[in-house]
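Shown below: data.txt, with compact mmCIF, C-alpha atoms.
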# COMPACT_ATOMS: atom_id res chain seq x y z
CA MET A 16 -2.69 129.94 19.69
CA SER A 17 -5.04 132.35 21.45
CA ILE A 18 -4.89 132.25 25.25
CA SER A 19 -8.70 131.97 25.27
CA SER A 20 -8.36 128.45 23.81
CA SER A 21 -5.81 127.45 26.47
CA ALA A 22 -7.85 128.22 29.58
CA VAL A 23 -11.30 128.87 31.01
CA LEU A 24 -12.49 130.86 34.00
CA VAL A 25 -13.84 128.94 37.00
CA GLU A 26 -15.45 130.16 40.18
CA LEU A 27 -16.04 128.17 43.35
CA ASN A 28 -18.29 129.19 46.23
CA ILE A 29 -18.64 126.94 49.26
CA SER A 30 -20.65 128.07 52.26
CA VAL A 31 -20.68 126.34 55.64
CA TRP A 32 -22.71 127.47 58.63
CA PRO A 33 -20.21 128.46 61.35
CA ALA A 34 -22.69 127.39 64.07
CA SER A 35 -21.11 129.59 66.69
CA LYS A 36 -22.41 132.54 68.64
CA ILE A 37 -20.85 135.23 70.77
CA ASP A 38 -21.96 134.63 74.34
CA ARG A 39 -22.61 138.11 75.69
CA GLU A 40 -22.91 137.01 79.30
CA MET A 41 -19.67 135.02 79.25
CA THR A 42 -17.94 137.84 77.36
CA ASP A 43 -18.94 140.38 80.01
CA GLN A 44 -17.90 138.00 82.77
CA VAL A 45 -14.44 137.35 81.26
CA ASN A 46 -13.80 141.04 80.63
CA THR A 47 -15.00 141.98 84.11
CA ASN A 48 -12.77 139.37 85.76
CA ALA A 49 -9.83 140.65 83.73
CA LEU A 50 -10.65 144.27 84.66
CA ALA A 51 -10.90 144.99 80.93
CA SER A 52 -13.33 147.08 78.92
CA ARG A 53 -16.49 145.40 77.61
CA ASP A 54 -15.16 145.05 74.08
CA ALA A 55 -11.68 143.83 75.04
CA SER A 56 -12.44 140.21 74.12
CA GLN A 57 -15.30 138.11 72.85
CA THR A 58 -16.23 134.63 74.03
CA LYS A 59 -17.72 132.38 71.35
CA LYS A 60 -19.67 129.23 72.00
CA ASN A 61 -19.81 126.23 69.68
CA LEU A 62 -23.50 125.41 69.26
CA PHE A 63 -22.72 121.74 68.71
CA ALA A 64 -20.09 121.02 71.32
CA GLY A 65 -19.42 117.31 71.61
CA THR A 66 -19.86 116.44 67.92
CA SER A 67 -17.63 116.85 64.87
CA LEU A 68 -20.27 116.48 62.13
CA ARG A 69 -20.42 120.15 61.19
CA LYS A 70 -16.69 120.64 61.83
CA ASP A 71 -15.91 117.80 59.44
CA ILE A 72 -17.86 119.60 56.70
CA GLU A 73 -15.86 122.75 57.38
CA LYS A 74 -12.56 120.84 57.14
CA PHE A 75 -13.66 119.17 53.92
CA ALA A 76 -14.62 122.55 52.43
CA ALA A 77 -11.13 123.84 53.24
CA ARG A 78 -9.63 120.82 51.46
CA VAL A 79 -11.75 121.54 48.36
CA ARG A 80 -10.73 125.22 48.33
CA LEU A 81 -7.08 124.17 48.57
CA TYR A 82 -7.40 121.84 45.59
CA HIS A 83 -9.18 124.59 43.63
CA ASN A 84 -6.43 127.11 44.35
CA GLN A 85 -3.61 124.67 43.61
CA HIS A 86 -4.98 123.71 40.20
CA THR A 87 -5.97 127.17 38.99
CA LEU A 88 -4.25 130.51 38.48
CA PRO A 89 -5.28 133.91 39.87
CA TRP A 90 -7.38 136.06 37.55
CA ALA A 91 -9.88 138.44 39.13
CA ASP A 92 -9.28 140.13 42.48
CA LYS A 93 -11.70 137.61 43.93
CA GLY A 94 -14.00 134.98 42.55
CA GLU A 95 -12.97 133.76 39.10
CA ARG A 96 -9.65 131.96 38.57
CA MET A 97 -8.05 130.67 35.40
CA LEU A 98 -8.12 126.92 34.76
CA PRO A 99 -5.84 125.56 31.99
CA THR A 100 -7.77 123.42 29.51
CA LYS A 101 -5.13 120.69 30.01
CA LEU A 102 -6.43 120.34 33.56
CA PHE A 103 -10.11 120.77 32.74
CA MET A 104 -11.25 117.12 32.73
CA GLU A 105 -9.25 116.19 35.83
CA TYR A 106 -10.48 119.30 37.65
CA LYS A 107 -14.13 118.82 36.65
CA GLN A 108 -14.22 115.16 37.62
CA THR A 109 -12.50 115.84 40.94
CA MET A 110 -14.76 118.78 41.78
CA ASN A 111 -17.88 116.79 40.87
CA GLY A 112 -16.72 114.10 43.28
CA PHE A 113 -16.05 116.72 45.94
CA GLU A 114 -19.54 118.16 45.47
CA GLN A 115 -21.18 114.76 45.90
CA THR A 116 -19.20 114.12 49.08
CA PHE A 117 -19.99 117.61 50.41
CA ARG A 118 -23.73 117.16 49.86
CA MET A 119 -23.65 113.69 51.44
CA MET A 120 -21.89 115.09 54.54
CA CYS A 121 -24.41 117.93 54.73
CA ASN A 122 -27.35 115.51 54.46
CA ASN A 123 -25.90 113.44 57.30
CA PHE A 124 -25.70 116.60 59.40
CA PHE A 125 -29.28 117.56 58.51
CA LEU A 126 -30.51 114.10 59.55
CA GLU A 127 -28.76 114.46 62.90
CA TYR A 128 -29.75 118.09 63.43
CA PRO A 129 -32.90 117.46 65.53
CA ARG A 130 -30.95 115.14 67.84
CA LEU A 131 -28.05 117.60 68.12
CA VAL A 132 -30.44 120.41 69.03
CA ALA A 133 -32.10 118.21 71.63
CA GLU A 134 -28.71 117.40 73.19
CA ALA A 135 -27.48 121.01 73.13
CA PRO A 136 -28.84 121.96 76.60
CA ILE A 137 -26.81 119.11 78.11
CA ASN A 138 -23.62 119.94 76.20
CA LEU A 139 -23.77 123.72 76.69
CA GLY A 140 -25.33 123.95 80.13
CA ALA A 141 -25.93 127.57 81.14
CA MET A 142 -24.69 128.80 77.74
CA TYR A 143 -27.64 127.15 75.94
CA LYS A 144 -30.20 129.43 74.32
CA ALA A 145 -33.00 127.94 72.21
CA GLU A 146 -33.09 130.97 69.90
CA ASP A 147 -29.57 130.15 68.67
CA TYR A 148 -30.92 127.15 66.73
CA PRO A 149 -32.81 127.92 63.49
CA GLU A 150 -35.37 125.64 61.90
CA LEU A 151 -33.91 122.87 59.72
CA ASP A 152 -35.07 124.49 56.46
CA GLU A 153 -33.16 127.64 57.38
CA VAL A 154 -30.07 125.62 58.28
CA ARG A 155 -30.11 123.91 54.88
CA GLU A 156 -29.80 127.32 53.21
CA LYS A 157 -26.60 128.02 55.14
CA PHE A 158 -24.68 125.29 53.30
CA GLY A 159 -23.85 125.52 49.62
CA PHE A 160 -21.50 124.24 46.91
CA ARG A 161 -21.61 126.22 43.69
CA GLN A 162 -19.34 126.02 40.64
CA SER A 163 -19.36 128.08 37.47
CA ILE A 164 -17.23 127.73 34.35
CA ASN A 165 -17.03 130.44 31.70
CA PRO A 166 -14.91 130.97 28.60
CA LEU A 167 -11.86 133.18 28.93
CA PRO A 168 -12.46 136.28 26.80
CA ASP A 169 -10.00 136.98 24.02
CA SER A 170 -8.19 140.28 24.53
CA GLY A 171 -8.78 141.10 20.87
CA ASP A 172 -12.46 140.14 20.84
CA PHE A 173 -14.38 142.93 22.54
CA ARG A 174 -17.97 143.76 21.56
CA LEU A 175 -20.03 146.52 23.15
CA ASP A 176 -22.93 148.62 21.99
CA ILE A 177 -21.15 151.96 22.39
CA PRO A 178 -20.30 154.80 20.02
CA ALA A 179 -17.63 153.85 17.50
CA GLU A 180 -15.37 156.77 18.48
CA ASP A 181 -15.17 155.42 22.03
CA LEU A 182 -14.72 151.77 21.11
CA GLU A 183 -10.96 151.88 20.51
CA ASP A 184 -10.32 153.53 23.88
CA VAL A 185 -12.43 150.92 25.64
CA ARG A 186 -10.76 148.11 23.67
CA ALA A 187 -7.29 149.39 24.58
CA GLU A 188 -8.20 149.69 28.27
CA PHE A 189 -9.65 146.18 28.26
CA LYS A 190 -6.54 144.76 26.60
CA ASP A 191 -4.26 146.46 29.13
CA LYS A 192 -6.24 144.97 32.01
CA PHE A 193 -6.34 141.58 30.29
CA ASP A 194 -2.56 141.57 29.77
CA GLU A 195 -1.99 142.68 33.36
CA ARG A 196 -4.16 139.87 34.72
CA LEU A 197 -2.48 137.31 32.49
CA LYS A 198 0.96 138.47 33.63
CA GLU A 199 -0.14 138.22 37.26
CA ALA A 200 -1.61 134.77 36.65
CA MET A 201 1.69 133.52 35.25
CA ARG A 202 3.56 134.77 38.30
CA ALA A 203 1.81 132.08 40.36
CA PRO A 204 3.63 129.05 38.84
CA TRP A 205 6.97 130.82 39.35
CA GLU A 206 6.08 131.57 42.95
CA LYS A 207 5.01 127.97 43.61
CA LEU A 208 8.31 126.64 42.25
CA HIS A 209 10.35 129.28 44.05
CA LYS A 210 8.68 128.51 47.39
CA VAL A 211 9.37 124.78 47.04
CA LEU A 212 13.04 125.34 46.19
CA LEU A 213 13.57 127.78 49.06
CA GLY A 214 12.01 125.27 51.45
CA MET A 215 14.27 122.49 50.17
CA SER A 216 17.39 124.63 50.43
CA GLU A 217 16.58 125.45 54.04
CA LYS A 218 15.66 121.86 54.89
CA LEU A 219 18.93 120.53 53.44
CA LYS A 220 21.05 122.65 55.76
CA ASP A 221 22.72 120.35 58.25
CA SER A 222 22.20 121.36 61.86
CA ASP A 223 25.20 122.07 64.06
CA GLY A 224 23.34 120.78 67.10
CA ASP A 225 22.67 117.28 68.29
CA ASP A 226 19.14 117.18 66.95
CA LYS A 227 19.03 115.59 63.53
CA LYS A 228 16.50 116.66 60.95
CA ARG A 229 14.12 114.07 59.60
CA TYR A 230 13.86 113.67 55.84
CA HIS A 231 10.74 112.18 54.32
CA ASP A 232 9.97 110.96 50.81
CA SER A 233 7.89 114.11 50.32
CA LEU A 234 11.12 116.12 50.13
CA LEU A 235 11.48 114.75 46.59
CA THR A 236 7.94 113.70 45.69
CA ASN A 237 6.32 117.09 46.39
CA PRO A 238 8.60 118.96 43.93
CA LEU A 239 8.07 116.22 41.35
CA GLU A 240 4.29 116.49 41.70
CA LEU A 241 4.55 120.26 41.31
CA CYS A 242 6.69 119.82 38.19
CA GLU A 243 3.99 117.60 36.69
CA LEU A 244 1.33 120.19 37.53
CA LEU A 245 3.38 123.02 36.04
CA THR A 246 3.36 121.35 32.62
CA LYS A 247 -0.38 122.12 32.61
CA LEU A 248 -0.39 125.46 34.44
CA ASN A 249 2.02 126.99 31.92
CA VAL A 250 -0.80 128.24 29.65
CA THR A 251 1.40 130.80 27.87
CA ASN A 252 4.08 128.19 27.06
CA ASP A 253 6.71 130.24 28.87
CA LEU A 254 9.97 128.64 27.72
CA VAL A 255 11.96 129.97 30.68
CA LEU A 256 9.46 128.56 33.16
CA GLU A 257 9.58 125.23 31.33
CA GLU A 258 13.38 125.21 31.54
CA ALA A 259 13.29 125.91 35.28
CA ARG A 260 10.66 123.22 35.74
CA ARG A 261 12.70 120.72 33.73
CA GLN A 262 15.86 121.40 35.75
CA VAL A 263 14.01 120.90 39.01
CA GLU A 264 12.46 117.67 37.73
CA LEU A 265 15.82 116.27 36.60
CA THR A 266 17.41 117.24 39.91
CA MET A 267 14.71 115.46 41.92
CA LEU A 268 14.80 112.35 39.71
CA GLY A 269 18.57 112.16 40.17
CA ALA A 270 18.35 112.26 43.98
CA ASN A 271 17.97 109.30 46.33
CA ILE A 272 16.03 109.87 49.54
CA ASP A 273 17.81 107.05 51.40
CA ASN A 274 21.18 108.61 50.66
CA ILE A 275 19.88 112.03 51.72
CA LYS A 276 18.74 110.59 55.04
CA GLU A 277 22.03 108.84 55.64
CA TYR A 278 24.81 110.94 54.18
CA ALA A 279 25.64 114.61 54.69
CA VAL A 280 27.50 114.68 51.38
CA SER A 281 24.30 113.71 49.53
CA ARG A 282 22.39 116.50 51.25
CA THR A 283 25.14 118.98 50.43
CA GLU A 284 25.18 117.89 46.79
CA LEU A 285 21.40 118.23 46.41
CA LYS A 286 21.37 121.58 48.20
CA SER A 287 24.08 122.82 45.84
CA LYS A 288 21.96 121.86 42.81
CA VAL A 289 18.85 123.48 44.27
CA ASP A 290 20.74 126.68 45.11
CA SER A 291 22.17 126.72 41.59
CA ILE A 292 18.64 126.71 40.14
CA LEU A 293 17.62 129.46 42.54
CA LYS A 294 20.50 131.64 41.37
CA LYS A 295 20.03 130.92 37.68
CA PHE A 296 16.50 132.28 37.23
CA GLU A 297 14.88 135.63 38.00
CA TRP A 298 12.15 134.77 40.47

For the structure just supplied, provide its representation as structure tokens.
Amino acid sequence: MSISSSAVLVELNISVWPASKIDREMTDQVNTNALASRDASQTKKNLFAGTSLRKDIEKFAARVRLYHNQHTLPWADKGERMLPTKLFMEYKQTMNGFEQTFRMMCNNFFLEYPRLVAEAPINLGAMYKAEDYPELDEVREKFGFRQSINPLPDSGDFRLDIPAEDLEDVRAEFKDKFDERLKEAMRAPWEKLHKVLLGMSEKLKDSDGDDKKRYHDSLLTNPLELCELLTKLNVTNDLVLEEARRQVELTMLGANIDNIKEYAVSRTELKSKVDSILKKFEW
């Protein structure tokens, strides 16, 4: 099966107005008091001190970007990422929901914007400057949520209106870059699994001190959720990756979090199994 039928390219762009300004007067004052040069430090002011409306949008945008990165694979240096077709419907539905929530949060901020601007002199005191606050129409342009989905080109399907004698060279160069990007994309699932196992191995070390580590359900559920995700991220059907994923899944399903919390022998046994997987595969 062609890789182009197993994945698509997706791009996500979310913009959020930072709503902060460098306060030149405060910056000069801080640097002068510290006997430092004028550019030693910069003092920023939050234009909407006292409210979390805009900050909440920023946090939500970070959550959306995290989901996007977790459910896609790297492709271009920046911008487009590869989305397995097995995840397409889940991803699209989730992102559509995220977009609706984002726009609702932005609209709430826009409705409150006149009031927030009116209260700014009280909240900022001497740091307030009216010119820091654009008109509402300009503010609207500073927020955006844009998605694009494009087919993944087939490395063997390359059409350009160029001289025939040059076409093979261009086709070969394109294929080399395509193969390199695909190889890099498939490193990501390995790295995700490796990172989880290394974290578990470290967490399962018993401390020699008096302080006892706390073990939460997520110690087992997070790897299991990753194993489920990897069944869909493995777009090249890498059999070795699938074997590593399967071993991790079986190891987690065979563990009991209550025993891990209570008994050192259970932690030692699970750590031994995790370390065995780490040694078995070339990460």

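Between atom CA of A:Leu24 and atom CA of A:Trp90 the separation is 8.1 Å.
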
Coordinates-based distance that separates atom CA of A:Lys60 from atom CA of A:Ser35 (Å, one decimal): 5.5 Å

Residue among A:Ala279, A:Met215, A:Leu98, A:Leu131 lying closest to A:Glu26, counting only C-alpha atoms: A:Leu98

Atom CA of A:Leu208 to atom CA of A:Glu284, distance in Å rounded to a single decimal: 19.5 Å

Residues within 8 Å of (-5.4, 128.8, 31.7), counting only C-alpha atoms, listed as a list of chain:residue names: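 Every polymer residue passing the test: A:Ile18, A:Ser19, A:Ser21, A:Ala22, A:Val23, A:Leu24, A:Thr87, A:Leu88, A:Met97, A:Leu98, A:Pro99, A:Thr100, A:Leu248, A:Asn249, A:Val250.
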
Spatial neighbours of A:Arg161, max dist 8 Å, all atoms listed in the file, sep filter under 4 positions, as a list in words: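 That gives Leu27, Asn28 and Ile29 of chain A.
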
Residue nearest A:Ser233 - candidates A:Met267, A:Lys207, A:Asp290, A:Gly65, atoms counted: all atoms listed in the file: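 Of A:Met267, A:Lys207, A:Asp290, A:Gly65, the one nearest A:Ser233, counting all atoms listed in the file, is A:Met267.
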
Closest of A:Pro168, A:Leu213, A:Cys242, A:Lys157 to A:Asp194 - atom-to-atom distances counting all atoms listed in the file: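 Of all the options, A:Pro168 lies closest to A:Asp194.
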
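The neighbours of A:Tyr230 here are the residues that come within 12 Å of it, using all atoms listed in the file and leaving out any residue fewer than 5 positions away in the same chain; they are Met215, Lys218, Leu219, Lys220, Asp221, Leu235, Thr236, Asn271, Ile272, Asp273, Asn274, Ile275, Lys276, Glu277, Tyr278, Ala279 and Arg282 of chain A.
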
Selected residue, from A:Phe296, A:Phe75, A:Phe103, A:Trp32, that lies nearest to A:Glu206 when counting only C-alpha atoms: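 The closest residue to A:Glu206 is A:Phe296.
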
Which residue of A:Glu217, A:Glu297, A:Glu195, A:Glu240 approaches A:Ala91 most closely, using all atoms listed in the file: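 Looking only at the distances to A:Ala91, the closest residue turns out to be A:Glu195.
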
Residues within 12 Å of A:Tyr143, only C-alpha atoms, excluding chain neighbours under 3 positions, as a PyMOL selection string: chain A and resi 35-38+40-41+60-64+132-140+146-148

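Each of A:Lys198, A:Ala259, A:Lys210, A:Ser222 was checked against A:Asn237 using only C-alpha atoms; the smallest atom-to-atom distance is that of A:Lys210.
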
Sphere at (10.8, 122.6, 39.2), radius 8 Å, counting all atoms listed in the file: residues as a list in words: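 Checking each residue against the 8 Å limit leaves Leu208, Leu212, Pro238, Leu239, Leu241, Cys242, Ala259, Arg260, Arg261, Gln262, Val263 and Glu264 of chain A.
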
So that I have them on file, write out the residues from the current selection with C-alpha atoms, as a short mmCIF file (atom, residue, chain, number, x, y, z; two decimals), in the frame of the given file.
data_model
loop_
_atom_site.label_atom_id
_atom_site.label_comp_id
_atom_site.auth_asym_id
_atom_site.auth_seq_id
_atom_site.Cartn_x
_atom_site.Cartn_y
_atom_site.Cartn_z
CA LEU A 208 8.31 126.64 42.25
CA LEU A 212 13.04 125.34 46.19
CA PRO A 238 8.60 118.96 43.93
CA LEU A 239 8.07 116.22 41.35
CA LEU A 241 4.55 120.26 41.31
CA CYS A 242 6.69 119.82 38.19
CA ALA A 259 13.29 125.91 35.28
CA ARG A 260 10.66 123.22 35.74
CA ARG A 261 12.70 120.72 33.73
CA GLN A 262 15.86 121.40 35.75
CA VAL A 263 14.01 120.90 39.01
CA GLU A 264 12.46 117.67 37.73
#

What does stretch 101-115 of chain A look like written to a file with N, CA and C atoms, as a compact mmCIF listing (two decimals), in the first residue's frame?
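This is the output file result.txt:
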# COMPACT_ATOMS: atom_id res chain seq x y z
N LYS A 101 -5.85 6.60 9.89
CA LYS A 101 -6.56 5.90 10.96
C LYS A 101 -7.01 6.86 12.06
N LEU A 102 -6.32 7.99 12.15
CA LEU A 102 -6.66 8.98 13.17
C LEU A 102 -7.46 10.15 12.61
N PHE A 103 -7.72 10.12 11.30
CA PHE A 103 -8.27 11.31 10.64
C PHE A 103 -9.60 11.75 11.24
N MET A 104 -10.58 10.84 11.36
CA MET A 104 -11.90 11.23 11.84
C MET A 104 -11.85 11.73 13.28
N GLU A 105 -11.13 11.01 14.12
CA GLU A 105 -10.99 11.44 15.52
C GLU A 105 -10.34 12.82 15.60
N TYR A 106 -9.26 12.99 14.83
CA TYR A 106 -8.53 14.27 14.83
C TYR A 106 -9.43 15.40 14.34
N LYS A 107 -10.11 15.18 13.21
CA LYS A 107 -10.94 16.23 12.62
C LYS A 107 -12.06 16.63 13.54
N GLN A 108 -12.75 15.67 14.13
CA GLN A 108 -13.84 15.98 15.03
C GLN A 108 -13.35 16.73 16.27
N THR A 109 -12.22 16.28 16.81
CA THR A 109 -11.66 16.94 17.99
C THR A 109 -11.24 18.37 17.66
N MET A 110 -10.56 18.55 16.53
CA MET A 110 -10.09 19.88 16.17
C MET A 110 -11.25 20.82 15.85
N ASN A 111 -12.30 20.29 15.24
CA ASN A 111 -13.48 21.13 14.98
C ASN A 111 -14.09 21.60 16.29
N GLY A 112 -14.13 20.70 17.28
CA GLY A 112 -14.62 21.09 18.60
C GLY A 112 -13.72 22.13 19.25
N PHE A 113 -12.42 21.94 19.12
CA PHE A 113 -11.47 22.91 19.65
C PHE A 113 -11.68 24.29 19.00
N GLU A 114 -11.89 24.29 17.69
CA GLU A 114 -12.05 25.57 16.98
C GLU A 114 -13.30 26.30 17.47
N GLN A 115 -14.39 25.56 17.66
CA GLN A 115 -15.62 26.19 18.16
C GLN A 115 -15.41 26.79 19.54
